[in-house]
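As structure tokens, the structure follows; a few thoughts come after it.
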Amino acid sequence: MRLAATNPPRHGEGDRTKRGGGGSRSVARPEVTRAHKLRKNMTMPERVLWQRLRQRPNGLKFRRQHPIGPYVADFCCLSQKLVVEVDGSAHEAIDRAKFDDRRIAFIKENGFRVLRVTARLLLADADATAEAIVARAVSPLHQPAAGPPPRAGEAL
């Protein structure tokens, strides 16, 4: 009995395609995996704020739980380079405050402005808090393109 010569399968047409391929699975960076988990388990103040920011106020697109380097920002507007952090009671601990200081320093070193909002203030008036965030994003106190702000005593 003689077997007929066949050409090898082309373009992934082999039997492996029937089993779901044979390539290795892509491995996400740890901060991306953490961001996915944080999106699923947002705190109540984060959920309240997200309901307002997800509607793209003033045409601004905000992302929730966005990775920046090894850290994850609560909310981020990439076009305006603005990070919004919602601080709850967990941020009042001394060891957490040191971590927050390192994280915020890293985020600022990478060109972002950081706006911290307390969860208590956010829950008291979510609409006003969201409006204040959008106002800060649209017209920051300092426009980097205009150069550094004038020193005390210098003319504008």
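Numbering starts fresh at 1 for the residues of each chain in the structure tokens, the chains themselves are lettered A, B, ... in the order given, and ligands are numbered from 1 as they appear.
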
Closest atom pairs, residues of stretch 24-115 of chain A within 8 Å of stretch 121-134 of chain A, only C-alpha atoms, as a tab-separated table:
```
residue	atom	partner	partner_atom	distance
A:Pro45	CA	A:Leu123	CA	6.1
A:Val48	CA	A:Ala126	CA	6.9
A:Leu49	CA	A:Ala126	CA	6.5
A:Arg52	CA	A:Ala130	CA	6.6
A:Leu53	CA	A:Ala130	CA	6.9
A:Pro57	CA	A:Val134	CA	7.0
A:Asn58	CA	A:Val134	CA	7.4
A:Leu60	CA	A:Val134	CA	8.0
A:Val84	CA	A:Ile133	CA	7.9
A:Leu115	CA	A:Ile133	CA	7.9
```

Those residues with all heavy atoms, as a tab-separated table (two decimals), in the first residue's frame please?
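Final file, out09.tsv:
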```tsv
chain	number	residue	atom	x	y	z
A	45	PRO	N	-17.72	55.65	45.56
A	45	PRO	CA	-17.41	56.98	45.02
A	45	PRO	C	-16.87	56.93	43.59
A	45	PRO	O	-17.21	57.77	42.77
A	45	PRO	CB	-16.35	57.52	45.98
A	45	PRO	CG	-16.54	56.76	47.24
A	45	PRO	CD	-17.04	55.41	46.84
A	48	VAL	N	-19.82	56.40	41.23
A	48	VAL	CA	-20.62	57.63	41.10
A	48	VAL	C	-19.93	58.61	40.16
A	48	VAL	O	-20.56	59.19	39.27
A	48	VAL	CB	-20.85	58.25	42.50
A	48	VAL	CG1	-21.43	59.64	42.39
A	48	VAL	CG2	-21.76	57.36	43.33
A	49	LEU	N	-18.63	58.78	40.33
A	49	LEU	CA	-17.90	59.70	39.46
A	49	LEU	C	-17.83	59.18	38.03
A	49	LEU	O	-17.98	59.95	37.07
A	49	LEU	CB	-16.48	59.94	40.00
A	49	LEU	CG	-15.63	60.95	39.24
A	49	LEU	CD1	-16.33	62.30	39.15
A	49	LEU	CD2	-14.27	61.08	39.89
A	52	ARG	N	-20.62	60.03	35.68
A	52	ARG	CA	-20.60	61.39	35.12
A	52	ARG	C	-19.50	61.57	34.08
A	52	ARG	O	-19.70	62.21	33.06
A	52	ARG	CB	-20.44	62.41	36.24
A	52	ARG	CG	-21.76	62.65	36.96
A	52	ARG	CD	-21.61	62.57	38.45
A	52	ARG	NE	-22.89	62.75	39.11
A	52	ARG	CZ	-23.62	61.75	39.58
A	52	ARG	NH1	-23.23	60.51	39.46
A	52	ARG	NH2	-24.76	61.99	40.20
A	53	LEU	N	-18.33	60.99	34.33
A	53	LEU	CA	-17.20	61.19	33.42
A	53	LEU	C	-17.29	60.34	32.15
A	53	LEU	O	-16.72	60.70	31.13
A	53	LEU	CB	-15.88	60.89	34.14
A	53	LEU	CG	-15.52	61.81	35.30
A	53	LEU	CD1	-14.19	61.39	35.90
A	53	LEU	CD2	-15.50	63.26	34.87
A	57	PRO	N	-17.93	64.64	29.13
A	57	PRO	CA	-18.29	66.05	29.30
A	57	PRO	C	-17.29	66.95	28.57
A	57	PRO	O	-16.08	66.70	28.61
A	57	PRO	CB	-18.24	66.25	30.82
A	57	PRO	CG	-17.34	65.16	31.31
A	57	PRO	CD	-17.52	64.01	30.37
A	58	ASN	N	-17.80	67.96	27.89
A	58	ASN	CA	-16.98	68.89	27.09
A	58	ASN	C	-16.13	68.16	26.06
A	58	ASN	O	-15.09	68.65	25.66
A	58	ASN	CB	-16.08	69.75	27.98
A	58	ASN	CG	-16.80	70.94	28.54
A	58	ASN	OD1	-18.02	70.99	28.53
A	58	ASN	ND2	-16.06	71.89	29.04
A	60	LEU	N	-14.39	65.51	26.48
A	60	LEU	CA	-13.19	64.91	27.06
A	60	LEU	C	-13.42	63.42	27.32
A	60	LEU	O	-14.44	63.03	27.89
A	60	LEU	CB	-12.84	65.59	28.39
A	60	LEU	CG	-12.46	67.06	28.30
A	60	LEU	CD1	-12.31	67.64	29.70
A	60	LEU	CD2	-11.19	67.23	27.51
A	84	VAL	N	-7.06	61.88	37.90
A	84	VAL	CA	-7.94	62.17	39.03
A	84	VAL	C	-7.88	60.98	39.97
A	84	VAL	O	-8.13	59.84	39.58
A	84	VAL	CB	-9.40	62.40	38.56
A	84	VAL	CG1	-10.30	62.66	39.76
A	84	VAL	CG2	-9.48	63.54	37.56
A	115	LEU	N	-5.04	65.52	40.24
A	115	LEU	CA	-6.09	66.16	41.02
A	115	LEU	C	-6.64	65.12	41.98
A	115	LEU	O	-7.12	64.07	41.56
A	115	LEU	CB	-7.20	66.67	40.09
A	115	LEU	CG	-8.39	67.35	40.75
A	115	LEU	CD1	-7.94	68.60	41.50
A	115	LEU	CD2	-9.43	67.71	39.70
```

Between A:Trp50, A:Cys77, A:Arg64, A:Val83, which one has atoms that come closest to A:Lys108, using only C-alpha atoms?
A:Val83

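Residue nearest A:Val138, chosen from A:Arg29, A:Lys37, A:Arg47, A:Lys61 and counting only C-alpha atoms: A:Lys61.
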
Taking only C-alpha atoms into account, which of A:Lys98, A:Leu82, A:Gly88, A:Ala135 comes nearest A:Gly111?
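Closest candidate: A:Leu82.
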
Could you pull out the strand (DSSP E or B) residues of stretch 15-142 of chain A from DSSP and send them as JSON, numbers by chain?
{"A": [63, 64, 65, 66, 67, 68, 71, 72, 73, 74, 75, 76, 77, 82, 83, 84, 85, 86, 87, 113, 114, 115, 116, 117, 118]}

Saved selection, atoms kept: C-alpha atoms, as a tab-separated table (two decimals), in the first residue's frame:
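So out-v2.tsv came out as:
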```tsv
chain	number	residue	atom	x	y	z
A	63	ARG	CA	-10.48	56.34	31.26
A	64	ARG	CA	-11.06	54.51	34.51
A	65	GLN	CA	-8.39	52.49	36.28
A	66	HIS	CA	-5.74	53.40	33.69
A	67	PRO	CA	-2.19	52.00	34.07
A	68	ILE	CA	0.64	54.57	34.12
A	71	TYR	CA	0.77	52.28	38.96
A	72	VAL	CA	-2.95	52.44	38.19
A	73	ALA	CA	-4.69	55.83	38.18
A	74	ASP	CA	-8.36	55.99	39.23
A	75	PHE	CA	-9.30	58.21	36.27
A	76	CYS	CA	-7.21	59.65	33.47
A	77	CYS	CA	-7.84	62.11	30.64
A	82	LEU	CA	-4.89	64.91	33.88
A	83	VAL	CA	-5.10	62.14	36.48
A	84	VAL	CA	-7.94	62.17	39.03
A	85	GLU	CA	-7.45	60.23	42.24
A	86	VAL	CA	-10.37	59.50	44.56
A	87	ASP	CA	-9.11	59.37	48.15
A	113	ARG	CA	-1.20	66.76	36.44
A	114	VAL	CA	-2.82	65.09	39.46
A	115	LEU	CA	-6.09	66.16	41.02
A	116	ARG	CA	-7.03	64.48	44.30
A	117	VAL	CA	-10.68	64.38	45.33
A	118	THR	CA	-11.93	63.11	48.67
```

One decimal, in Å: what's the spacing between atom CA of A:Leu38 and atom CA of A:Arg103?
16.6 Å

Å distance separating atom CA of A:Asn41 from atom CA of A:Gly69, one decimal place
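Spanning atom CA of A:Asn41 to atom CA of A:Gly69 is a straight-line distance of 20.9 Å.
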
Two-atom distance - atom CA of A:Glu109, atom CA of A:Leu78 (Å):
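Between these atoms lies a distance of 14.9 Å.
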